[in-house]
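Source file: entry-v3.txt. Holds: compact mmCIF, C-alpha atoms and all ligand atoms.
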# COMPACT_ATOMS: atom_id res chain seq x y z
CA MET A 1372 105.41 119.11 125.21
CA GLY A 1373 107.07 115.84 126.12
CA GLN A 1374 110.38 114.24 125.19
CA PHE A 1375 111.13 111.45 122.77
CA PRO A 1376 111.50 108.61 123.53
CA TRP A 1377 108.89 109.31 126.19
CA THR A 1378 109.72 106.54 128.69
CA ARG A 1379 113.38 106.27 129.69
CA ILE A 1380 114.45 103.36 131.90
CA GLU A 1381 118.19 102.62 132.03
CA VAL A 1382 118.93 98.99 131.13
CA GLY A 1383 122.53 98.83 132.42
CA ALA A 1384 125.83 98.43 130.60
CA ALA A 1385 125.61 94.68 129.82
CA ARG A 1386 122.17 94.80 128.21
CA GLU A 1387 123.08 98.00 126.39
CA ALA A 1388 126.10 96.22 124.87
CA ASP A 1389 123.94 93.23 123.85
CA ILE A 1390 121.43 95.49 122.09
CA ARG A 1391 124.20 97.34 120.23
CA ALA A 1392 125.67 94.00 119.12
CA ALA A 1393 122.26 92.73 117.94
CA VAL A 1394 121.73 95.87 115.84
CA ARG A 1395 125.24 95.61 114.33
CA GLY A 1396 124.66 91.93 113.50
CA THR A 1397 121.44 92.58 111.54
CA ARG A 1398 121.49 92.11 107.77
CA GLU A 1399 117.85 92.97 106.99
CA LEU A 1400 114.63 93.89 108.77
CA PRO A 1401 111.65 91.53 108.55
CA SER A 1402 109.17 92.46 105.80
CA THR A 1403 106.41 91.09 103.61
CA ALA A 1404 108.37 92.01 100.44
CA ALA A 1405 109.93 89.55 97.97
CA THR A 1406 113.42 90.46 99.20
CA SER A 1407 114.99 92.86 101.70
CA ARG A 1408 118.50 94.04 102.48
CA LEU A 1409 120.35 96.94 104.10
CA ALA A 1410 120.73 100.11 102.03
CA THR A 1411 124.05 100.93 100.34
CA SER A 1412 125.26 104.12 98.68
CA GLU A 1413 124.27 102.60 95.30
CA ASP A 1414 120.60 102.92 96.35
CA ALA A 1415 120.52 106.72 96.57
CA ALA A 1416 118.76 107.32 93.22
CA ALA A 1417 116.05 104.69 93.74
CA LEU A 1418 115.44 105.80 97.32
CA THR A 1419 115.15 109.44 96.22
CA GLU A 1420 112.41 108.36 93.76
CA LEU A 1421 110.55 106.51 96.53
CA PHE A 1422 110.81 109.47 98.92
CA ALA A 1423 109.55 111.84 96.19
CA PHE A 1424 106.03 110.36 96.28
CA PRO A 1425 103.79 112.71 98.30
CA GLU A 1426 102.05 109.59 99.71
CA VAL A 1427 105.43 108.73 101.26
CA ASN A 1428 107.07 112.01 102.24
CA ARG A 1429 104.04 113.76 103.75
CA TRP A 1430 104.00 111.25 106.60
CA ILE A 1431 107.67 110.98 107.60
CA TYR A 1432 109.45 113.83 109.35
CA SER A 1433 112.91 112.19 109.37
CA LEU A 1434 113.33 112.13 105.55
CA PRO A 1435 116.14 114.25 104.10
CA ARG A 1436 114.92 117.73 103.19
CA PRO A 1437 115.32 119.27 100.72
CA LEU A 1438 114.88 115.96 98.97
CA THR A 1439 117.85 115.67 96.61
CA GLU A 1440 119.84 112.59 95.62
CA ALA A 1441 122.91 114.06 97.38
CA ALA A 1442 120.91 114.50 100.61
CA VAL A 1443 119.61 110.92 100.36
CA ALA A 1444 123.18 109.65 99.82
CA LYS A 1445 124.21 111.49 103.01
CA TYR A 1446 121.23 109.98 104.84
CA ILE A 1447 122.29 106.46 103.76
CA THR A 1448 125.84 107.17 105.00
CA SER A 1449 124.52 108.45 108.33
CA MET A 1450 122.38 105.31 108.74
CA LYS A 1451 125.45 103.13 108.06
CA ALA A 1452 127.29 105.00 110.81
CA ALA A 1453 124.28 104.52 113.10
CA ARG A 1454 124.43 100.76 112.44
CA GLU A 1455 128.13 100.69 113.33
CA ARG A 1456 127.25 102.32 116.69
CA GLY A 1457 124.42 99.82 117.15
CA GLU A 1458 121.84 102.60 117.04
CA GLY A 1459 120.07 102.35 113.69
CA LEU A 1460 119.33 100.42 110.52
CA LEU A 1461 118.06 101.30 107.08
CA SER A 1462 116.54 98.34 105.26
CA LEU A 1463 115.10 98.32 101.74
CA ASN A 1464 112.33 96.13 100.34
CA PHE A 1465 112.05 94.97 96.73
CA ASP A 1466 109.17 93.48 94.73
CA GLU A 1467 109.31 90.32 92.56
CA ALA A 1468 110.75 92.38 89.69
CA GLY A 1469 113.55 93.67 91.92
CA VAL A 1470 112.12 97.20 92.03
CA LEU A 1471 112.29 99.14 95.31
CA SER A 1472 108.90 98.71 96.98
CA GLY A 1473 109.46 100.24 100.42
CA TYR A 1474 111.87 100.92 103.24
CA SER A 1475 112.18 100.67 107.01
CA GLU A 1476 114.26 102.89 109.26
CA LEU A 1477 114.97 101.69 112.74
CA CYS A 1478 116.25 104.04 115.43
CA VAL A 1479 117.48 102.44 118.66
CA TRP A 1480 118.36 103.94 122.05
CA PRO A 1481 120.35 101.00 123.52
CA GLN A 1482 120.81 102.67 126.94
CA TRP A 1483 117.02 102.68 127.42
CA GLY A 1484 116.26 99.42 125.57
CA ALA A 1485 113.99 101.46 123.30
CA GLY A 1486 113.46 101.66 119.56
CA GLU A 1487 111.39 103.43 116.93
CA LEU A 1488 110.33 102.07 113.54
CA ALA A 1489 109.54 104.33 110.61
CA GLY A 1490 108.99 103.40 107.01
CA ALA A 1491 106.81 103.48 103.96
CA MET A 1492 105.65 101.42 101.05
CA ARG A 1493 105.36 102.53 97.42
CA PRO A 1494 101.93 104.16 96.99
CA ASP A 1495 100.60 101.41 94.66
CA LEU A 1496 101.18 98.87 97.46
CA GLN A 1497 99.67 100.86 100.36
CA SER A 1498 96.39 99.94 102.13
CA LYS A 1499 96.39 96.33 100.89
CA GLY A 1500 97.23 94.70 104.21
CA GLN A 1501 100.95 94.10 103.55
CA GLY A 1502 102.40 97.01 105.53
CA GLY A 1503 100.42 96.38 108.69
CA ALA A 1504 101.46 92.73 108.66
CA GLY A 1505 105.11 93.69 108.06
CA MET A 1506 105.08 96.19 110.93
CA ILE A 1507 103.59 93.65 113.35
CA THR A 1508 106.29 91.10 112.43
CA THR A 1509 108.97 93.77 112.81
CA PHE A 1510 107.74 94.89 116.25
CA THR A 1511 107.89 91.27 117.47
CA TRP A 1512 111.40 90.98 116.00
CA MET A 1513 112.50 94.22 117.74
CA PHE A 1514 111.48 92.74 121.11
CA LYS A 1515 112.66 89.16 120.56
CA THR A 1516 115.77 89.53 118.39
CA LEU A 1517 117.09 92.94 119.38
CA GLY A 1518 116.02 92.43 123.00
CA LEU A 1519 114.27 95.79 123.39
CA ASP A 1520 111.92 96.56 126.29
CA LEU A 1521 110.00 99.38 124.63
CA ILE A 1522 108.84 100.55 121.23
CA CYS A 1523 108.22 104.27 121.09
CA ASN A 1524 106.88 105.60 117.79
CA THR A 1525 105.64 108.92 116.53
CA THR A 1526 102.92 109.48 113.96
CA ALA A 1527 101.80 112.64 112.26
CA SER A 1528 98.74 113.87 114.16
CA ASP A 1529 96.56 113.20 111.09
CA ASN A 1530 97.99 109.77 110.15
CA VAL A 1531 94.78 107.90 110.96
CA ARG A 1532 95.85 104.71 109.15
CA ILE A 1533 98.84 104.11 111.39
CA GLN A 1534 97.08 105.32 114.55
CA LYS A 1535 94.40 102.70 113.89
CA LEU A 1536 97.05 100.01 113.69
CA PHE A 1537 98.68 101.18 116.94
CA GLN A 1538 95.32 101.22 118.75
CA ARG A 1539 94.38 97.78 117.53
CA THR A 1540 97.70 96.26 118.65
CA GLY A 1541 97.74 97.72 122.17
CA PHE A 1542 100.02 100.77 121.85
CA VAL A 1543 99.24 103.60 124.30
CA HIS A 1544 99.01 107.24 123.16
CA ARG A 1545 101.33 108.96 125.67
CA GLY A 1546 100.97 112.51 124.44
CA ASP A 1547 102.00 114.95 121.74
CA ILE A 1548 105.34 116.45 120.74
CA GLU A 1549 106.80 118.60 118.01
CA SER A 1550 109.14 116.65 115.71
CA GLN A 1551 111.78 118.61 113.85
CA ARG A 1552 112.46 117.82 110.17
CA PRO A 1553 116.08 118.00 108.89
CA ASP A 1554 115.31 121.43 107.34
CA GLY A 1555 114.27 122.77 110.77
CA THR A 1556 110.52 122.80 110.11
CA ILE A 1557 108.19 121.34 112.73
CA ARG A 1558 105.67 118.53 112.50
CA GLN A 1559 103.03 117.94 115.15
CA SER A 1560 103.35 114.32 116.30
CA GLN A 1561 101.61 111.87 118.55
CA VAL A 1562 103.78 109.57 120.68
CA TRP A 1563 102.70 105.91 120.93
CA GLU A 1564 104.42 103.33 123.12
CA ILE A 1565 104.22 99.67 124.02
CA MET A 1566 106.32 97.57 126.42
CA ARG A 1567 107.58 94.12 125.50
CA ASP A 1568 105.36 92.06 127.83
CA ASP A 1569 102.21 93.88 126.71
CA TRP A 1570 103.11 93.40 123.06
CA LEU A 1571 103.95 89.71 123.37
CA ALA A 1572 100.80 89.03 125.45
CA GLY A 1573 98.69 90.78 122.79
CA GLN A 1574 100.25 88.78 119.97
CA ALA A 1575 99.78 85.48 121.84
CA GLY A 1576 96.05 86.09 122.38
C1 LIG A 1601 102.05 102.82 107.08
C2 LIG A 1601 102.07 101.75 106.00
C3 LIG A 1601 103.43 101.06 105.98
C4 LIG A 1601 100.98 100.73 106.39
O1 LIG A 1601 100.96 99.73 105.42
P1 LIG A 1601 99.63 99.41 104.54
O2 LIG A 1601 99.89 98.18 103.79
O3 LIG A 1601 99.27 100.63 103.77
O4 LIG A 1601 98.54 99.23 105.68
P2 LIG A 1601 97.48 98.07 105.83
O5 LIG A 1601 96.71 97.90 104.56
O6 LIG A 1601 98.18 96.87 106.37
O7 LIG A 1601 96.53 98.70 106.90
C5 LIG A 1601 96.95 99.05 108.23
C6 LIG A 1601 95.72 99.53 108.98
O8 LIG A 1601 95.25 100.77 108.42
C7 LIG A 1601 93.90 100.64 107.97
N1 LIG A 1601 93.82 101.40 106.74
C8 LIG A 1601 94.29 101.05 105.53
N2 LIG A 1601 94.07 102.05 104.66
C9 LIG A 1601 93.46 103.04 105.33
C10 LIG A 1601 93.00 104.34 104.99
N3 LIG A 1601 93.16 104.81 103.75
N4 LIG A 1601 92.41 105.10 105.96
C11 LIG A 1601 92.26 104.63 107.23
N5 LIG A 1601 92.69 103.40 107.62
C12 LIG A 1601 93.27 102.63 106.68
C13 LIG A 1601 93.69 99.17 107.76
O9 LIG A 1601 92.32 98.80 107.91
C14 LIG A 1601 94.56 98.58 108.84
O10 LIG A 1601 93.88 98.61 110.08
P3 LIG A 1601 93.54 97.23 110.79
O11 LIG A 1601 94.87 96.56 111.00
O12 LIG A 1601 92.89 97.64 112.06
O13 LIG A 1601 92.67 96.51 109.82
C15 LIG A 1601 101.74 102.34 104.60
O14 LIG A 1601 100.40 102.79 104.54
C16 LIG A 1601 102.62 103.49 104.22
O15 LIG A 1601 103.66 103.30 103.65
N6 LIG A 1601 102.15 104.73 104.52
C17 LIG A 1601 102.90 105.94 104.21
C18 LIG A 1601 104.02 106.20 105.19
C19 LIG A 1601 103.57 106.16 106.64
O16 LIG A 1601 102.50 106.62 107.01
N7 LIG A 1601 104.44 105.60 107.47
C20 LIG A 1601 104.23 105.49 108.88
C21 LIG A 1601 104.97 106.53 109.60
S1 LIG A 1601 104.80 106.29 111.37
Serialized structure, structure tokens:
Amino acid sequence: MGQFPWTRIEVGAAREADIRAAVRGTRELPSTAATSRLATSEDAAALTELFAFPEVNRWIYSLPRPLTEAAVAKYITSMKAARERGEGLLSLNFDEAGVLSGYSELCVWPQWGAGELAGAMRPDLQSKGQGGAGMITTFTWMFKTLGLDLICNTTASDNVRIQKLFQRTGFVHRGDIESQRPDGTIRQSQVWEIMRDDWLAGQAG
């Protein structure tokens, strides 16, 4: 079993500080939604409803469990603290009617110039081409705007949809790990990585 993030290359104090500052300065993550913004404690009820869909929660090990509104409120608070450290962001997406349509969670390891993106769309919006496009835009933004060197993501071993997207865009399957959910249970995960130059070359072609 390997570690996560898999590849760990120290970036030095100056670049680490720049990455932390870039994370702290972010107001929203890129998305294909009508509007996006960072989560606040007011969003706990709506986010709990989104997380309650099996089509959302079966794929994401980092969601609060058990899934109560109080646990989601704590999760939002912990993501705010992560942003203040320059290590994480929780961004919400809304449709034209202003209803929550998805979310993105970014986890950053500034000392290694590495980041992970997790997220989900409301089930009625999945598999229509929006999420893949949003993820591709966000990966480019993570390299160009946050200044990361590496994206290291996990997927559930049976999440074929997302594995297909990683394969098509040049990510490399490094190996398998066990991811621990907040309630201590284990999910079998695949680790997928891509370095900045490989990503940007693939997007230019
Ligand atoms: C992951 C997610 C954001 C992707 O967004 P999406 O809008 O559903 O995906 P897209 O329609 O853009 O499709 C992405 C890729 O999956 C493929 N795909 C779509 N539906 C699929 C399905 N049911 N089975 C297999 N592949 C599928 C698409 O063909 C596309 O591949 P391509 O880029 O090579 O054409 C969205 O499906 C989601 O919220 N899933 C639940 C949570 C989740 O799995 N999160 C990822 C955790 S790492």
| query | Do you know which residues are within 6 Å of ligand LIG 1601 (chain A) using only C-alpha atoms and all ligand atoms? Can you write them as a PyMOL selection string? | reply | chain A and resi 1426-1427+1430-1431+1489-1492+1497-1504+1525-1526+1531-1533+1535-1536+1539
As a PDB file with C-alpha atoms, in the coordinates of the input, please: the residues near A:Ile1522 (cut-off 8 Å, all atoms listed in the file, same-chain neighbours under 6 positions excluded).
ATOM      1  CA  ALA A1485     113.990 101.460 123.300  1.00  0.00           C
ATOM      2  CA  GLY A1486     113.460 101.660 119.560  1.00  0.00           C
ATOM      3  CA  GLU A1487     111.390 103.430 116.930  1.00  0.00           C
ATOM      4  CA  LEU A1488     110.330 102.070 113.540  1.00  0.00           C
ATOM      5  CA  PHE A1510     107.740  94.890 116.250  1.00  0.00           C
ATOM      6  CA  GLU A1564     104.420 103.330 123.120  1.00  0.00           C
ATOM      7  CA  ILE A1565     104.220  99.670 124.020  1.00  0.00           C
ATOM      8  CA  MET A1566     106.320  97.570 126.420  1.00  0.00           C
ATOM      9  CA  ARG A1567     107.580  94.120 125.500  1.00  0.00           C
TER      10      ARG A1567
END
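Among the candidate residues A:Arg1545, A:Arg1429, A:Arg1398, A:Arg1379, the one lying nearest to A:Arg1454 is A:Arg1398, with distances computed using all atoms listed in the file.
A straight line drawn from atom CA of A:Pro1435 to atom CA of A:Asp1495 is 22.3 Å long.
Proximity to A:Ile1390 was assessed for A:Pro1553, A:Gly1546, A:Gly1576, A:Gly1518 counting all atoms listed in the file; the smallest distance is recorded for A:Gly1518.
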| Counting all atoms listed in the file, the option among A:Thr1419, A:Asn1428, A:Ser1462, A:Thr1439 closest to A:Ala1404 |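 Among A:Thr1419, A:Asn1428, A:Ser1462, A:Thr1439, it is A:Ser1462 that comes nearest to A:Ala1404.
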| Between A:Ala1405, A:Gln1534, A:Gln1551, A:Ile1507, which is the closest to A:Asp1466 once you count all atoms listed in the file? |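 Among the listed residues, A:Ala1405 lies closest to A:Asp1466.
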| Atom pair atom CA of A:Thr1516 / atom CA of A:Leu1571: separation (Å) |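 According to the coordinates, atom CA of A:Thr1516 and atom CA of A:Leu1571 are separated by 12.8 Å.
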Contact table stretch 1430-1537 of chain A vs stretch 1547-1550 of chain A, cut-off 9 Å, shortest pair per residue, all atoms listed in the file, as CSV:
residue,atom,partner,partner_atom,distance
A:Tyr1432,CA,A:Ser1550,CA,7.0
A:Ser1433,CA,A:Ser1550,CA,8.6
A:Thr1525,CA,A:Ser1550,CA,8.5
A:Ser1528,CA,A:Asp1547,CA,8.3
| request: Would you kindly identify which residues have an atom no farther than 12 Å from (119.8, 113.6, 102.9), using only C-alpha atoms and the file's own coordinates, and write them out as a list in words? | output: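 Applying the cut-off with only C-alpha atoms, one gets Ser1412, Ala1415, Ala1416, Leu1418, Thr1419, Phe1422, Ser1433, Leu1434, Pro1435, Arg1436, Pro1437, Leu1438, Thr1439, Glu1440, Ala1441, Ala1442, Val1443, Ala1444, Lys1445, Tyr1446, Ile1447, Thr1448, Ser1449, Met1450, Arg1552, Pro1553 and Asp1554 of chain A.
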| said: Please list as a ChimeraX atom specification every residue within 12 Å of A:Gly1396, counting only C-alpha atoms and excluding residues in the same chain fewer than 6 positions away. | reply: /A:1389-1390,1409,1454-1460,1516-1517
| Gap from atom CA of A:Glu1381 to atom CA of A:Gly1484 - Å, one decimal |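 So the answer is 7.5 Å.
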| query | Which residue gives the smallest distance to A:Trp1512 among A:Leu1477, A:Arg1386, A:Asn1464, A:Thr1411, with all atoms listed in the file counted? | reply |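 Of A:Leu1477, A:Arg1386, A:Asn1464, A:Thr1411, the one nearest A:Trp1512, counting all atoms listed in the file, is A:Leu1477.
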| said: Here is a test: counting only C-alpha atoms, which residue of A:Leu1463, A:Met1513, A:Val1543, A:Ile1380 is nearest to A:Asp1569? | reply: A:Val1543
